[in-house]
Amino acid sequence: MLLIGRITKDAVVSQLKDERSVVNFSIAINDYYKPKNGEAKTFTEYVNCSYWISTKIAARLTKGTLVEITGRIYVQVYNDMKGEARASLNCHVNNITIHAKGNTKPVAVAVGEPAISEPMDDLPF
C-alpha cells in the first residue's frame, strides 16, 4: 500500500530485548470528499508506522516532513482505560521516500558562522 502524509512528531528508535531496533513514527493523511448535495468534508487519518530495515533514517523523520511510504497496512484492536473498544491503523513500512522537510525558520547567527535552521513547532497536527 502506498501512503503519503506528514510526520506528526519526531521518529523514535526503540531497542527490543532481542537486540533488534525499530523506528516508530506516525503520519497524518489529509483528505476530503464532496457529497452529491452538500459541502466538502475534510478529514485526517493517522497511521502508526514501524520501519525495521535501518535506524539511520530516524534523524531525517522529523515533525512536518512530507513522506511517501509503502508497506503492509493492518488494524490493531484494543480496549482503552474505560474498557471501550478502540482500533488503530498501523503500517509495517518497507520503503520511505522523503518529499519535503518540515517547516523551518532561519536562526540568526553571527557573521562568519554557517546558517542553521530549526524546525517550527506550530504545525496544525
# chains A, B, ... in the order shown; residues from 1 in each chain; ligands from 1
>>> residues_around(residues="A:Val47", least_positions_apart="5", cutoff="8 Å", atoms="only C-alpha atoms", output="PyMOL selection string")
chain A and resi 26-29+88-91
>>> select_by_dssp(residues="chain A", states="helix (DSSP H, G or I)", output="NGL selection string")
:A and (56-60)
>>> write_last_selection(atoms="N, CA and C atoms", output="short mmCIF file (atom, residue, chain, number, x, y, z; two decimals), in the first residue's frame")
data_model
loop_
_atom_site.label_atom_id
_atom_site.label_comp_id
_atom_site.auth_asym_id
_atom_site.auth_seq_id
_atom_site.Cartn_x
_atom_site.Cartn_y
_atom_site.Cartn_z
N LYS A 56 19.09 4.50 10.66
CA LYS A 56 19.78 5.72 10.24
C LYS A 56 18.83 6.79 9.74
N ILE A 57 17.69 6.39 9.20
CA ILE A 57 16.75 7.36 8.65
C ILE A 57 15.99 8.12 9.73
N ALA A 58 16.03 7.65 10.95
CA ALA A 58 15.25 8.27 12.04
C ALA A 58 15.56 9.75 12.21
N ALA A 59 16.80 10.15 12.03
CA ALA A 59 17.19 11.55 12.20
C ALA A 59 16.52 12.46 11.17
N ARG A 60 16.16 11.92 10.02
CA ARG A 60 15.53 12.71 8.96
C ARG A 60 14.01 12.73 9.05
#
>>> atom_distance(atom1="atom CA of A:Asn95", atom2="atom CA of A:Tyr32")
25.7 Å
>>> select_by_dssp(residues="chain A", states="strand (DSSP E)", output="number ranges by chain")
A: 2-7, 12-15, 21-33, 41-51, 66-79, 85-100, 104-106, 117-119
>>> residues_around(residues="A:Gly64", least_positions_apart="2", cutoff="8 Å", atoms="only C-alpha atoms", output="VMD selection string")
chain A and resid 6 to 9 62 66 101 to 103 123
>>> closest_residue(among="A:Ser54, A:Asn30, A:Thr42, A:Asn79", to="A:Leu3", atoms="only C-alpha atoms")
A:Asn30
>>> atom_distance(atom1="atom CA of A:Met1", atom2="atom CA of A:Ile73")
6.9 Å
>>> atom_distance(atom1="atom CA of A:Ala87", atom2="atom CA of A:Glu45")
12.4 Å
>>> decode(residues="stretch 39-76 of chain A", atoms="N, CA and C atoms", output="mmCIF file, in the first residue's frame")
data_model
loop_
_atom_site.group_PDB
_atom_site.id
_atom_site.type_symbol
_atom_site.label_atom_id
_atom_site.label_comp_id
_atom_site.auth_asym_id
_atom_site.auth_seq_id
_atom_site.Cartn_x
_atom_site.Cartn_y
_atom_site.Cartn_z
ATOM 1 N N GLU A 39 -21.712 20.207 1.378
ATOM 2 C CA GLU A 39 -20.406 20.852 1.435
ATOM 3 C C GLU A 39 -19.303 19.805 1.459
ATOM 4 N N ALA A 40 -18.115 20.222 1.060
ATOM 5 C CA ALA A 40 -16.970 19.321 1.082
ATOM 6 C C ALA A 40 -16.639 18.953 2.521
ATOM 7 N N LYS A 41 -16.346 17.715 2.768
ATOM 8 C CA LYS A 41 -15.975 17.210 4.090
ATOM 9 C C LYS A 41 -14.477 16.919 4.078
ATOM 10 N N THR A 42 -13.768 17.454 5.056
ATOM 11 C CA THR A 42 -12.342 17.167 5.185
ATOM 12 C C THR A 42 -12.129 16.293 6.405
ATOM 13 N N PHE A 43 -11.124 15.441 6.340
ATOM 14 C CA PHE A 43 -10.807 14.582 7.468
ATOM 15 C C PHE A 43 -9.328 14.222 7.432
ATOM 16 N N THR A 44 -8.825 13.782 8.553
ATOM 17 C CA THR A 44 -7.436 13.379 8.680
ATOM 18 C C THR A 44 -7.376 11.973 9.248
ATOM 19 N N GLU A 45 -6.603 11.125 8.599
ATOM 20 C CA GLU A 45 -6.359 9.765 9.083
ATOM 21 C C GLU A 45 -4.946 9.722 9.641
ATOM 22 N N TYR A 46 -4.770 9.069 10.772
ATOM 23 C CA TYR A 46 -3.456 8.910 11.384
ATOM 24 C C TYR A 46 -3.026 7.456 11.262
ATOM 25 N N VAL A 47 -1.781 7.257 10.863
ATOM 26 C CA VAL A 47 -1.254 5.903 10.682
ATOM 27 C C VAL A 47 0.021 5.776 11.509
ATOM 28 N N ASN A 48 0.068 4.784 12.414
ATOM 29 C CA ASN A 48 1.272 4.489 13.181
ATOM 30 C C ASN A 48 2.164 3.607 12.328
ATOM 31 N N CYS A 49 3.430 3.980 12.194
ATOM 32 C CA CYS A 49 4.341 3.280 11.290
ATOM 33 C C CYS A 49 5.529 2.699 12.046
ATOM 34 N N SER A 50 6.002 1.549 11.562
ATOM 35 C CA SER A 50 7.228 0.949 12.098
ATOM 36 C C SER A 50 8.116 0.561 10.923
ATOM 37 N N TYR A 51 9.393 0.941 11.022
ATOM 38 C CA TYR A 51 10.379 0.687 9.963
ATOM 39 C C TYR A 51 11.525 -0.104 10.577
ATOM 40 N N TRP A 52 11.729 -1.328 10.107
ATOM 41 C CA TRP A 52 12.685 -2.247 10.713
ATOM 42 C C TRP A 52 14.013 -2.353 9.959
ATOM 43 N N ILE A 53 14.129 -1.784 8.780
ATOM 44 C CA ILE A 53 15.274 -2.032 7.914
ATOM 45 C C ILE A 53 16.541 -1.325 8.396
ATOM 46 N N SER A 54 16.457 -0.048 8.750
ATOM 47 C CA SER A 54 17.630 0.702 9.203
ATOM 48 C C SER A 54 17.186 1.831 10.124
ATOM 49 N N THR A 55 17.953 2.079 11.174
ATOM 50 C CA THR A 55 17.616 3.163 12.094
ATOM 51 C C THR A 55 18.249 4.492 11.675
ATOM 52 N N LYS A 56 19.087 4.495 10.661
ATOM 53 C CA LYS A 56 19.783 5.716 10.242
ATOM 54 C C LYS A 56 18.827 6.793 9.741
ATOM 55 N N ILE A 57 17.694 6.390 9.202
ATOM 56 C CA ILE A 57 16.752 7.360 8.652
ATOM 57 C C ILE A 57 15.989 8.122 9.728
ATOM 58 N N ALA A 58 16.025 7.654 10.951
ATOM 59 C CA ALA A 58 15.247 8.267 12.035
ATOM 60 C C ALA A 58 15.560 9.755 12.208
ATOM 61 N N ALA A 59 16.801 10.148 12.026
ATOM 62 C CA ALA A 59 17.192 11.551 12.202
ATOM 63 C C ALA A 59 16.524 12.457 11.171
ATOM 64 N N ARG A 60 16.159 11.918 10.023
ATOM 65 C CA ARG A 60 15.532 12.714 8.962
ATOM 66 C C ARG A 60 14.008 12.726 9.052
ATOM 67 N N LEU A 61 13.449 11.870 9.899
ATOM 68 C CA LEU A 61 11.998 11.781 10.039
ATOM 69 C C LEU A 61 11.544 12.686 11.177
ATOM 70 N N THR A 62 11.469 13.968 10.886
ATOM 71 C CA THR A 62 11.117 14.960 11.892
ATOM 72 C C THR A 62 9.702 15.493 11.651
ATOM 73 N N LYS A 63 9.151 16.105 12.662
ATOM 74 C CA LYS A 63 7.785 16.629 12.607
ATOM 75 C C LYS A 63 7.588 17.531 11.391
ATOM 76 N N GLY A 64 6.507 17.273 10.648
ATOM 77 C CA GLY A 64 6.172 18.094 9.493
ATOM 78 C C GLY A 64 6.745 17.618 8.183
ATOM 79 N N THR A 65 7.662 16.658 8.196
ATOM 80 C CA THR A 65 8.270 16.165 6.969
ATOM 81 C C THR A 65 7.244 15.397 6.141
ATOM 82 N N LEU A 66 7.184 15.701 4.844
ATOM 83 C CA LEU A 66 6.270 15.016 3.931
ATOM 84 C C LEU A 66 6.946 13.749 3.427
ATOM 85 N N VAL A 67 6.336 12.600 3.694
ATOM 86 C CA VAL A 67 6.926 11.319 3.307
ATOM 87 C C VAL A 67 5.944 10.492 2.489
ATOM 88 N N GLU A 68 6.511 9.641 1.661
ATOM 89 C CA GLU A 68 5.760 8.624 0.930
ATOM 90 C C GLU A 68 6.250 7.284 1.448
ATOM 91 N N ILE A 69 5.334 6.457 1.923
ATOM 92 C CA ILE A 69 5.729 5.154 2.446
ATOM 93 C C ILE A 69 4.989 4.050 1.704
ATOM 94 N N THR A 70 5.634 2.918 1.612
ATOM 95 C CA THR A 70 4.973 1.728 1.095
ATOM 96 C C THR A 70 5.140 0.643 2.148
ATOM 97 N N GLY A 71 4.132 -0.182 2.275
ATOM 98 C CA GLY A 71 4.210 -1.237 3.267
ATOM 99 C C GLY A 71 2.901 -1.966 3.424
ATOM 100 N N ARG A 72 2.826 -2.737 4.480
ATOM 101 C CA ARG A 72 1.658 -3.565 4.773
ATOM 102 C C ARG A 72 0.813 -2.885 5.851
ATOM 103 N N ILE A 73 -0.454 -2.631 5.538
ATOM 104 C CA ILE A 73 -1.389 -1.982 6.458
ATOM 105 C C ILE A 73 -2.098 -3.049 7.289
ATOM 106 N N TYR A 74 -2.282 -2.757 8.576
ATOM 107 C CA TYR A 74 -3.065 -3.641 9.430
ATOM 108 C C TYR A 74 -3.735 -2.824 10.530
ATOM 109 N N VAL A 75 -4.780 -3.390 11.107
ATOM 110 C CA VAL A 75 -5.530 -2.723 12.167
ATOM 111 C C VAL A 75 -5.257 -3.445 13.479
ATOM 112 N N GLN A 76 -5.033 -2.672 14.537
ATOM 113 C CA GLN A 76 -4.825 -3.243 15.860
ATOM 114 C C GLN A 76 -6.005 -2.828 16.740
#
